[in-house]
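Below: final.txt (compact mmCIF, C-alpha atoms)
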```txt
# COMPACT_ATOMS: atom_id res chain seq x y z
CA MET D 1 -101.32 97.49 -125.54
CA SER D 2 -100.83 100.29 -123.01
CA SER D 3 -98.78 99.72 -119.89
CA MET D 4 -101.97 100.21 -117.82
CA HIS D 5 -103.47 97.11 -119.45
CA ALA D 6 -100.33 95.00 -119.75
CA PRO D 7 -100.22 91.98 -117.43
CA VAL D 8 -98.56 91.95 -114.03
CA VAL D 9 -96.70 88.75 -113.16
CA CYS D 10 -95.69 88.05 -109.57
CA VAL D 11 -93.78 85.16 -108.02
CA ILE D 12 -94.62 84.19 -104.43
CA PRO D 13 -92.17 81.76 -102.82
CA GLY D 14 -93.38 79.67 -99.92
CA ASP D 15 -92.25 80.53 -96.38
CA LEU D 16 -88.46 80.03 -96.34
CA HIS D 17 -87.82 79.45 -92.60
CA LEU D 18 -84.09 80.07 -93.15
CA THR D 19 -81.61 79.04 -90.46
CA GLU D 20 -78.26 78.35 -92.15
CA PRO D 21 -76.87 77.96 -95.67
CA GLY D 22 -76.77 74.65 -97.48
CA LEU D 23 -79.92 73.10 -96.01
CA ASP D 24 -82.79 71.91 -98.23
CA ASN D 25 -84.83 75.08 -97.81
CA HIS D 26 -81.83 77.28 -98.66
CA ARG D 27 -81.05 75.19 -101.76
CA THR D 28 -84.69 75.38 -102.84
CA ALA D 29 -84.64 79.15 -102.41
CA ARG D 30 -81.53 79.35 -104.61
CA TRP D 31 -83.29 77.23 -107.25
CA MET D 32 -86.32 79.54 -107.08
CA ILE D 33 -84.11 82.58 -107.63
CA GLU D 34 -82.52 80.97 -110.70
CA GLU D 35 -85.98 80.28 -112.15
CA VAL D 36 -87.11 83.84 -111.39
CA ASN D 37 -84.04 85.36 -113.03
CA HIS D 38 -83.76 83.10 -116.06
CA LEU D 39 -87.20 81.59 -116.69
CA VAL D 40 -90.18 83.52 -115.33
CA HIS D 41 -88.85 87.12 -115.33
CA PRO D 42 -91.75 88.41 -113.20
CA ASP D 43 -92.44 92.04 -112.43
CA PHE D 44 -91.59 91.38 -108.79
CA VAL D 45 -91.17 88.71 -106.12
CA GLN D 46 -93.32 88.85 -103.00
CA PHE D 47 -91.89 86.96 -100.02
CA ILE D 48 -94.86 85.99 -97.90
CA GLY D 49 -93.37 85.95 -94.37
CA ASP D 50 -91.49 83.52 -92.12
CA ASN D 51 -88.48 84.38 -94.20
CA VAL D 52 -86.24 83.30 -91.30
CA GLN D 53 -86.79 80.94 -88.40
CA HIS D 54 -85.63 82.73 -85.23
CA ALA D 55 -85.26 86.40 -86.24
CA GLU D 56 -81.49 86.25 -85.69
CA PRO D 57 -79.19 88.72 -87.51
CA GLU D 58 -77.30 85.90 -89.25
CA GLN D 59 -80.56 84.49 -90.57
CA PHE D 60 -81.73 87.89 -91.85
CA MET D 61 -78.33 88.33 -93.51
CA LEU D 62 -78.82 84.95 -95.24
CA PHE D 63 -82.22 86.11 -96.42
CA ARG D 64 -80.82 89.40 -97.73
CA ASP D 65 -78.08 87.50 -99.58
CA LEU D 66 -80.81 85.63 -101.43
CA CYS D 67 -82.74 88.81 -102.17
CA ASP D 68 -79.62 90.51 -103.49
CA ARG D 69 -79.31 87.75 -106.10
CA LEU D 70 -82.69 88.61 -107.59
CA GLN D 71 -82.69 90.57 -110.85
CA VAL D 72 -86.24 91.89 -110.29
CA PRO D 73 -87.76 94.02 -107.51
CA TRP D 74 -88.80 92.21 -104.35
CA HIS D 75 -90.92 92.85 -101.29
CA ALA D 76 -91.28 90.91 -98.04
CA LEU D 77 -93.93 90.43 -95.38
CA VAL D 78 -93.23 89.87 -91.73
CA GLY D 79 -94.22 86.44 -90.37
CA ASP D 80 -94.40 85.12 -86.84
CA HIS D 81 -90.93 83.56 -87.14
CA ASP D 82 -89.55 86.89 -88.38
CA VAL D 83 -90.78 88.38 -85.10
CA HIS D 84 -89.94 85.49 -82.73
CA ASP D 85 -89.06 87.32 -79.47
CA ASP D 86 -88.73 90.74 -81.12
CA ASP D 87 -92.24 92.17 -80.70
CA GLU D 88 -91.21 95.55 -82.12
CA VAL D 89 -89.72 93.81 -85.20
CA HIS D 90 -86.48 95.79 -84.92
CA GLY D 91 -84.57 93.02 -86.72
CA PHE D 92 -87.02 92.87 -89.62
CA ARG D 93 -86.97 96.64 -90.00
CA ALA D 94 -83.17 96.77 -89.89
CA PHE D 95 -82.55 94.05 -92.47
CA VAL D 96 -85.73 94.10 -94.60
CA GLY D 97 -87.76 97.28 -94.17
CA GLU D 98 -91.13 98.50 -92.94
CA PRO D 99 -93.56 95.67 -92.18
CA TYR D 100 -96.47 97.11 -94.18
CA GLY D 101 -96.91 99.36 -97.20
CA SER D 102 -98.33 99.61 -100.72
CA TYR D 103 -97.48 100.41 -104.31
CA SER D 104 -99.32 100.68 -107.64
CA LEU D 105 -98.49 98.93 -110.89
CA ARG D 106 -100.48 98.79 -114.15
CA GLY D 107 -103.89 99.37 -112.66
CA PHE D 108 -103.38 97.36 -109.47
CA ARG D 109 -102.79 98.52 -105.90
CA PHE D 110 -100.68 95.95 -104.05
CA ILE D 111 -101.15 96.24 -100.28
CA ARG D 112 -98.83 94.52 -97.79
CA LEU D 113 -100.24 94.02 -94.29
CA ASN D 114 -98.53 93.24 -91.01
CA THR D 115 -100.81 90.75 -89.25
CA LEU D 116 -98.47 90.49 -86.25
CA GLU D 117 -98.93 93.85 -84.56
CA HIS D 118 -100.65 91.82 -81.83
CA ARG D 119 -99.50 88.29 -81.02
CA PRO D 120 -100.39 85.74 -82.20
CA LEU D 121 -102.59 87.63 -84.69
CA GLY D 122 -103.85 91.16 -84.94
CA LEU D 123 -103.65 94.63 -86.44
CA THR D 124 -103.56 97.97 -84.64
CA GLN D 125 -106.27 100.53 -85.26
CA ARG D 126 -103.67 102.71 -86.96
CA GLN D 127 -102.94 100.02 -89.55
CA ILE D 128 -106.64 99.25 -90.01
CA ASP D 129 -107.33 102.93 -90.71
CA TRP D 130 -104.44 103.00 -93.17
CA PHE D 131 -105.67 99.79 -94.84
CA CYS D 132 -109.19 101.17 -95.23
CA ASP D 133 -107.90 104.44 -96.70
CA GLU D 134 -105.56 102.61 -99.11
CA VAL D 135 -108.37 100.41 -100.42
CA ASP D 136 -110.79 103.31 -100.80
CA GLN D 137 -108.20 105.48 -102.58
CA ALA D 138 -107.27 102.64 -104.91
CA LEU D 139 -110.86 101.88 -105.86
CA ALA D 140 -111.61 105.59 -106.37
CA ALA D 141 -108.60 105.73 -108.72
CA GLY D 142 -109.94 102.77 -110.72
CA GLU D 143 -107.29 100.37 -109.40
CA ARG D 144 -107.92 96.74 -108.48
CA VAL D 145 -106.76 95.79 -105.00
CA VAL D 146 -104.49 92.84 -104.21
CA VAL D 147 -103.68 92.08 -100.57
CA PHE D 148 -100.57 90.29 -99.30
CA GLN D 149 -100.55 89.14 -95.68
CA HIS D 150 -98.83 86.34 -93.79
CA HIS D 151 -101.86 84.77 -92.10
CA TYR D 152 -104.30 82.68 -94.15
CA PRO D 153 -107.93 83.26 -93.10
CA PHE D 154 -108.84 79.58 -93.49
CA LYS D 155 -105.96 77.71 -91.89
CA VAL D 156 -107.04 74.48 -90.21
CA CYS D 157 -106.36 73.98 -86.50
CA GLU D 158 -106.00 77.73 -85.94
CA THR D 159 -108.31 80.63 -85.12
CA PHE D 160 -108.24 83.60 -87.48
CA ASP D 161 -109.20 86.14 -84.85
CA GLY D 162 -107.60 88.85 -82.77
CA PRO D 163 -107.49 92.65 -82.36
CA GLY D 164 -108.45 94.38 -85.60
CA ILE D 165 -109.59 91.22 -87.41
CA ASP D 166 -113.29 92.14 -87.31
CA ALA D 167 -112.35 95.48 -88.88
CA TRP D 168 -110.19 93.64 -91.44
CA ARG D 169 -113.21 91.48 -92.31
CA GLU D 170 -115.37 94.57 -92.75
CA VAL D 171 -112.91 96.01 -95.25
CA VAL D 172 -112.57 92.87 -97.38
CA GLN D 173 -116.30 92.07 -97.27
CA THR D 174 -117.53 95.57 -98.16
CA ARG D 175 -114.92 96.47 -100.83
CA ARG D 176 -114.00 94.58 -103.97
CA ILE D 177 -110.67 92.84 -103.39
CA ALA D 178 -109.15 91.16 -106.45
CA ALA D 179 -107.31 88.52 -104.39
CA ILE D 180 -105.63 87.84 -101.04
CA PHE D 181 -102.26 86.03 -101.06
CA THR D 182 -100.81 84.50 -97.89
CA GLY D 183 -98.37 82.04 -96.39
CA HIS D 184 -98.13 80.61 -92.84
CA THR D 185 -99.92 77.30 -93.47
CA HIS D 186 -97.02 75.10 -94.73
CA TYR D 187 -99.55 73.50 -97.14
CA GLY D 188 -100.87 75.13 -100.30
CA GLN D 189 -104.53 75.89 -100.92
CA ILE D 190 -106.96 78.12 -102.82
CA ALA D 191 -110.17 79.20 -101.07
CA ASN D 192 -113.23 81.05 -102.33
CA ASP D 193 -115.58 82.13 -99.53
CA GLY D 194 -118.23 83.41 -101.94
CA ARG D 195 -116.87 86.96 -101.83
CA ASN D 196 -113.07 86.81 -101.93
CA VAL D 197 -110.36 84.50 -103.21
CA ALA D 198 -107.48 83.63 -100.88
CA VAL D 199 -104.39 81.74 -102.03
CA THR D 200 -101.74 80.32 -99.71
CA THR D 201 -98.45 78.95 -101.05
CA ARG D 202 -96.85 75.75 -99.75
CA SER D 203 -93.81 76.45 -97.58
CA ILE D 204 -90.25 76.01 -98.80
CA GLY D 205 -89.14 75.28 -95.24
CA ASP D 206 -91.01 72.27 -93.77
CA PRO D 207 -93.52 71.89 -96.64
CA GLU D 208 -96.70 69.84 -96.27
CA GLY D 209 -98.60 68.13 -99.07
CA GLY D 210 -95.85 67.94 -101.68
CA SER D 211 -92.60 69.42 -102.93
CA PRO D 212 -91.60 72.99 -102.03
CA GLY D 213 -91.72 75.69 -104.66
CA TYR D 214 -93.38 78.96 -105.60
CA SER D 215 -96.64 80.35 -106.96
CA ILE D 216 -96.91 82.35 -110.17
CA VAL D 217 -99.68 84.96 -110.24
CA TYR D 218 -100.84 86.49 -113.54
CA LEU D 219 -103.03 89.61 -113.33
CA GLN D 220 -104.45 91.53 -116.27
CA GLY D 221 -107.55 93.69 -116.05
CA ASP D 222 -110.28 91.47 -114.63
CA GLY D 223 -108.15 88.38 -115.25
CA LEU D 224 -106.57 86.33 -112.48
CA ALA D 225 -104.62 83.09 -112.96
CA VAL D 226 -102.44 81.14 -110.55
CA THR D 227 -100.19 78.10 -110.82
CA TYR D 228 -97.64 76.38 -108.61
CA ARG D 229 -94.12 75.38 -109.67
CA ALA D 230 -92.49 72.71 -107.49
CA ILE D 231 -88.78 71.98 -107.36
CA ALA D 232 -89.63 68.48 -108.60
CA ASP D 233 -91.16 69.89 -111.81
CA GLU D 234 -89.18 69.87 -115.04
CA GLY D 235 -89.89 71.29 -118.46
CA PRO D 236 -92.15 74.21 -119.39
CA ILE D 237 -94.68 76.03 -117.25
CA ALA D 238 -98.15 76.39 -118.80
CA LEU D 239 -100.70 78.71 -117.20
CA VAL D 240 -104.27 79.16 -118.47
CA ILE D 241 -104.80 82.92 -118.30
CA HIS D 242 -108.30 82.81 -119.85
CA PRO D 243 -110.94 81.66 -119.03
CA ARG D 244 -110.74 82.05 -115.29
CA ASP D 245 -110.69 78.95 -113.12
CA ARG D 246 -114.11 78.64 -111.49
CA LEU D 247 -112.62 78.54 -107.99
CA LEU D 248 -111.09 81.97 -108.69
CA ALA D 249 -114.39 83.41 -109.97
CA THR D 250 -116.23 85.78 -107.64
CA GLU D 251 -118.41 87.78 -110.06
CA PRO D 252 -120.56 87.11 -113.15
CA LYS D 253 -117.96 88.78 -115.38
CA HIS D 254 -115.55 85.96 -114.48
CA ILE D 255 -117.54 83.28 -116.34
CA VAL D 256 -117.94 82.38 -120.03
CA ARG D 257 -121.12 83.64 -121.70
CA GLY D 258 -120.53 82.70 -125.35
CA ALA D 259 -117.89 82.16 -128.01
CA ASP D 260 -114.49 83.27 -126.73
CA ARG D 261 -110.82 82.28 -126.83
CA CYS D 262 -108.67 80.30 -124.42
CA ARG D 263 -105.26 81.84 -123.79
CA VAL D 264 -102.24 80.12 -122.29
CA LYS D 265 -99.00 81.70 -121.06
CA VAL D 266 -95.92 79.47 -121.43
CA TRP D 267 -92.48 79.80 -119.84
CA SER D 268 -89.71 77.46 -120.98
CA PHE D 269 -85.92 77.20 -120.95
CA GLN D 270 -86.07 75.37 -124.29
CA PRO D 271 -88.10 76.14 -127.41
CA VAL D 272 -91.71 74.99 -127.23
CA GLY D 273 -92.94 73.43 -130.43
CA VAL D 274 -96.37 72.20 -129.39
CA VAL D 275 -99.06 73.46 -127.04
CA ARG D 276 -102.17 71.31 -127.08
CA GLY D 277 -105.47 71.34 -125.27
CA CYS D 278 -108.74 69.52 -124.79
CA PHE D 279 -112.18 70.32 -123.42
CA ASP D 280 -114.01 67.98 -121.07
CA GLU D 281 -111.51 65.12 -121.59
CA GLY D 282 -112.25 65.10 -125.31
CA HIS D 283 -109.83 64.94 -128.24
CA TRP D 284 -106.55 66.86 -128.15
CA PHE D 285 -105.99 69.72 -130.59
CA ALA D 286 -103.13 72.14 -131.24
CA LEU D 287 -103.26 75.73 -129.99
CA GLU D 288 -102.07 78.61 -132.15
CA ARG D 289 -99.09 80.77 -131.22
CA GLU D 290 -100.43 84.25 -130.48
CA SER D 291 -97.11 85.80 -129.44
CA ALA D 292 -93.67 84.66 -128.32
CA SER D 293 -95.04 83.15 -125.10
CA VAL D 294 -98.85 83.14 -125.41
CA TRP D 295 -100.87 80.47 -127.23
CA SER D 296 -104.60 80.46 -127.88
CA CYS D 297 -107.54 78.55 -129.34
CA PRO D 298 -111.26 79.08 -129.89
CA LEU D 299 -113.43 78.54 -126.83
CA PRO D 300 -116.83 77.29 -128.07
CA GLY D 301 -118.76 78.77 -125.18
CA ASP D 302 -121.83 79.13 -127.39
CA GLN D 303 -121.85 75.35 -127.92
CA LEU D 304 -121.07 74.19 -124.39
CA GLY D 305 -123.87 73.43 -121.99
CA LYS D 306 -124.56 75.65 -119.02
CA GLY D 307 -122.46 74.65 -116.02
CA ALA D 308 -118.89 73.59 -115.28
CA HIS D 309 -116.44 72.43 -117.97
CA THR D 310 -112.76 71.49 -117.99
CA PHE D 311 -109.92 72.76 -120.12
CA GLU D 312 -106.62 70.92 -120.01
CA VAL D 313 -103.46 72.20 -121.66
CA GLN D 314 -99.97 70.79 -122.19
CA ALA D 315 -96.82 72.52 -123.41
CA ILE D 316 -94.11 70.29 -124.87
CA ASP D 317 -90.54 71.51 -125.25
CA ALA D 318 -87.81 70.47 -127.68
CA ALA D 319 -86.61 67.76 -125.28
CA GLY D 320 -90.07 66.19 -125.25
CA ARG D 321 -90.82 67.28 -121.69
CA ALA D 322 -94.47 68.13 -121.13
CA CYS D 323 -96.06 70.18 -118.38
CA GLY D 324 -99.56 71.54 -118.16
CA GLN D 325 -102.56 72.65 -116.19
CA GLU D 326 -106.22 71.74 -115.97
CA ILE D 327 -108.91 74.20 -114.93
CA ARG D 328 -112.66 74.06 -114.44
CA PHE D 329 -114.55 77.04 -115.82
CA GLN D 330 -118.18 78.07 -115.69
CA VAL D 331 -120.45 78.64 -118.70
CA ASP D 332 -123.81 80.42 -118.60
CA PRO D 333 -125.14 82.35 -121.61
CA THR D 334 -127.36 84.42 -119.30
CA GLY D 335 -124.30 85.69 -117.42
CA ARG D 336 -125.80 84.81 -114.04
CA TYR D 337 -123.32 83.56 -111.46
CA THR D 338 -123.01 83.32 -107.70
CA PRO D 339 -119.83 81.65 -106.41
CA VAL D 340 -120.26 78.64 -104.15
CA PRO D 341 -117.66 78.58 -101.34
CA GLY D 342 -115.00 75.95 -101.79
CA VAL D 343 -111.32 75.06 -101.35
CA ARG D 344 -108.70 73.16 -103.33
CA PRO D 345 -107.25 70.87 -102.13
CA PRO D 346 -109.22 70.05 -98.98
CA VAL D 347 -106.99 69.94 -95.90
CA ALA D 348 -108.23 68.52 -92.60
CA SER D 349 -105.10 68.66 -90.42
CA THR D 350 -101.58 70.05 -90.20
CA ALA D 351 -98.51 69.36 -88.13
CA PHE D 352 -97.87 73.11 -87.79
CA CYS D 353 -100.41 74.71 -85.48
```

Could you show the structure in this file as structure tokens?
Amino acid sequence: MSSMHAPVVCVIPGDLHLTEPGLDNHRTARWMIEEVNHLVHPDFVQFIGDNVQHAEPEQFMLFRDLCDRLQVPWHALVGDHDVHDDDEVHGFRAFVGEPYGSYSLRGFRFIRLNTLEHRPLGLTQRQIDWFCDEVDQALAAGERVVVFQHHYPFKVCETFDGPGIDAWREVVQTRRIAAIFTGHTHYGQIANDGRNVAVTTRSIGDPEGGSPGYSIVYLQGDGLAVTYRAIADEGPIALVIHPRDRLLATEPKHIVRGADRCRVKVWSFQPVGVVRGCFDEGHWFALERESASVWSCPLPGDQLGKGAHTFEVQAIDAAGRACGQEIRFQVDPTGRYTPVPGVRPPVASTAFC
């Protein structure tokens, strides 16, 4: 397998909101770093903004201390708390770097946006022009585009509007964007608006809806898979990397048309002896080890009825701890597919708005 077609794995921690060492959010961030360095080994970590709470030098130094512990490359977005009263983001630039930029890796163009050039939300025309050029150049080069930005387009109790946002919408609605990853919400959610997929990760500082943690993103060619690892989780991590979860599907090529194979990526501190799966809540069966960390099984897409189906998987380590994932995937032998807008989980309110 060439490096161009090898997978890209990214870890996205939730918003840290760091203030001082030793608090719950700081301890969770330290735990995340240990898992990154010794369990997941991603290609990079993308901090999603609100890395600190009040944009104070001591807080940025605490953030940099965490980053310096990482054994993989890292990047960071600027969030509203990273700006605080520093509209020119001098503190962020001094301790972290430029607030927007891009880089290419194995057929993907990763674009980091600064959605705080106008408060409370907005982009300057200069950044919009740069964004448009970056996307067009990436697509012309055959790269798939992934966007990182702090603000989530579908946050409840908040208006996703401001200078440059109409132009932002024009870019993402008229060009193929592989995915948009965000923070800001404090709760976690995946949204498909019928054109694009947006994923927001639950915050590490002041989380809503469950335990704090981090997202794992797996990208390979047209494949996209996402899972969430909470600090309360123990045992292996199992991620279905094929077929694609229906909520992440935006094009006909993202659905199952016939006989295929399910593939599952597993991370574990201890040896994994069993990975098992089931379709549509049926009987459990063992998957086959395809490589050191990937397991697979036949996907009888030619025998499944047209429509939505479930695939559940569990990985069990030597200590007997099991962890898994369940996805819904779409089957249609004709290959016809139009995504229906939806979110998971539904969220009607938030304390942070």

What are the closest atom pairs, with distances in Å to one decimal, for each residue of region 8-30 of chain D lying within 6 Å of region 204-219 of chain D, using only C-alpha atoms, rows by chain and rising residue number, as JSON lines?
```
{"residue": "D:Val8", "atom": "CA", "partner": "D:Leu219", "partner_atom": "CA", "distance": 5.1}
{"residue": "D:Val9", "atom": "CA", "partner": "D:Tyr218", "partner_atom": "CA", "distance": 4.7}
{"residue": "D:Cys10", "atom": "CA", "partner": "D:Val217", "partner_atom": "CA", "distance": 5.1}
{"residue": "D:Val11", "atom": "CA", "partner": "D:Ile216", "partner_atom": "CA", "distance": 4.7}
{"residue": "D:Ile12", "atom": "CA", "partner": "D:Ser215", "partner_atom": "CA", "distance": 5.0}
{"residue": "D:Pro13", "atom": "CA", "partner": "D:Tyr214", "partner_atom": "CA", "distance": 4.1}
{"residue": "D:Gly14", "atom": "CA", "partner": "D:Ile204", "partner_atom": "CA", "distance": 4.9}
{"residue": "D:Asp15", "atom": "CA", "partner": "D:Ile204", "partner_atom": "CA", "distance": 5.5}
{"residue": "D:Leu16", "atom": "CA", "partner": "D:Gly205", "partner_atom": "CA", "distance": 4.9}
{"residue": "D:His17", "atom": "CA", "partner": "D:Gly205", "partner_atom": "CA", "distance": 5.1}
{"residue": "D:Asn25", "atom": "CA", "partner": "D:Gly205", "partner_atom": "CA", "distance": 5.0}
```

(message) Excluding Cys157 (chain D) and its own-chain neighbours fewer than 2 positions away, which residues fall within 10 Å of it when counting only C-alpha atoms? Please give them as number ranges by chain.
(response) D: 154-155, 159-160, 348-353

(message) Can you tell me which residues surround region 258-271 of chain D at a distance of at most 10 Å, considering only C-alpha atoms, apart from same-chain residues fewer than 6 positions away, and format the answer as a ChimeraX atom specification?
(response) /D:35,38-41,218,225,234-244,277,287-304,311,313-319,321,323-325,331-335

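Near His84 (chain D), within 12 Å and counting all atoms listed in the file, sit His17, Asp50, Asn51, Val52, Gln53, His54, Ala55, Glu56, Val78, Gly79, Asp80, Glu88, Val89, His90, Gly91, Phe92, Leu116, Arg119 and Pro120 of chain D, not including residues fewer than 4 positions from it in the same chain.
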
Preceding selection exported with C-alpha atoms as a PDB file, keeping the file's coordinate frame:
```
ATOM      1  CA  HIS D  17     -87.820  79.450 -92.600  1.00  0.00           C
ATOM      2  CA  ASP D  50     -91.490  83.520 -92.120  1.00  0.00           C
ATOM      3  CA  ASN D  51     -88.480  84.380 -94.200  1.00  0.00           C
ATOM      4  CA  VAL D  52     -86.240  83.300 -91.300  1.00  0.00           C
ATOM      5  CA  GLN D  53     -86.790  80.940 -88.400  1.00  0.00           C
ATOM      6  CA  HIS D  54     -85.630  82.730 -85.230  1.00  0.00           C
ATOM      7  CA  ALA D  55     -85.260  86.400 -86.240  1.00  0.00           C
ATOM      8  CA  GLU D  56     -81.490  86.250 -85.690  1.00  0.00           C
ATOM      9  CA  VAL D  78     -93.230  89.870 -91.730  1.00  0.00           C
ATOM     10  CA  GLY D  79     -94.220  86.440 -90.370  1.00  0.00           C
ATOM     11  CA  ASP D  80     -94.400  85.120 -86.840  1.00  0.00           C
ATOM     12  CA  GLU D  88     -91.210  95.550 -82.120  1.00  0.00           C
ATOM     13  CA  VAL D  89     -89.720  93.810 -85.200  1.00  0.00           C
ATOM     14  CA  HIS D  90     -86.480  95.790 -84.920  1.00  0.00           C
ATOM     15  CA  GLY D  91     -84.570  93.020 -86.720  1.00  0.00           C
ATOM     16  CA  PHE D  92     -87.020  92.870 -89.620  1.00  0.00           C
ATOM     17  CA  LEU D 116     -98.470  90.490 -86.250  1.00  0.00           C
ATOM     18  CA  ARG D 119     -99.500  88.290 -81.020  1.00  0.00           C
ATOM     19  CA  PRO D 120    -100.390  85.740 -82.200  1.00  0.00           C
TER      20      PRO D 120
END
```

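Nearest residue to Ala141 (chain D), choosing from D:Asn192, D:Thr200, D:Gln59, D:Ser104 and counting all atoms listed in the file: D:Ser104.
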
(message) Here is a test: counting only C-alpha atoms, which residue of D:Phe285, D:Tyr103, D:Phe329, D:Phe95 is nearest to Gly305 (chain D)?
(response)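 Using only C-alpha atoms, the shortest distance to Gly305 (chain D) belongs to D:Phe329.
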
(request) For CA of Gln173 (chain D) and CA of Val83 (chain D), determine how far apart the two atoms are, in Å to one decimal place. (result)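 Separating CA of Gln173 (chain D) from CA of Val83 (chain D) is a distance of 28.5 Å.
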
(request) Point out the residue among D:Ile33, D:His5, D:His75, D:Thr19 with the least atom-to-atom distance to Glu58 (chain D), counting all atoms listed in the file. (result)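 Closest to Glu58 (chain D) of all the choices is D:Thr19.
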
(request) Rank D:Pro57, D:Gly162, D:Gly97, D:Gly142 by their smallest atom-to-atom distance to Glu117 (chain D), using only C-alpha atoms, and report the top residue only. (result) D:Gly162

(request) Find the residues near Ala138 (chain D): any atom within 9 Å, counting only C-alpha atoms, skip ones fewer than 5 places away on the same chain, and give them as a ChimeraX atom specification. (result) /D:104,108-109,133,143-145

If you count all atoms listed in the file, which residues fall within 8 Å of Leu123 (chain D), apart from same-chain ones fewer than 3 positions away, as a compact mmCIF listing (two decimals) with C-alpha atoms, keeping the file's coordinate frame?
```txt
# COMPACT_ATOMS: atom_id res chain seq x y z
CA ASN D 114 -98.53 93.24 -91.01
CA THR D 115 -100.81 90.75 -89.25
CA LEU D 116 -98.47 90.49 -86.25
CA GLU D 117 -98.93 93.85 -84.56
CA HIS D 118 -100.65 91.82 -81.83
CA GLN D 127 -102.94 100.02 -89.55
CA ILE D 128 -106.64 99.25 -90.01
CA GLY D 162 -107.60 88.85 -82.77
CA PRO D 163 -107.49 92.65 -82.36
CA GLY D 164 -108.45 94.38 -85.60
CA ILE D 165 -109.59 91.22 -87.41
```

(request) Record the distance separating CA of Leu66 (chain D) and CA of Phe44 (chain D), expressed in Å with one decimal. (result) 14.3 Å
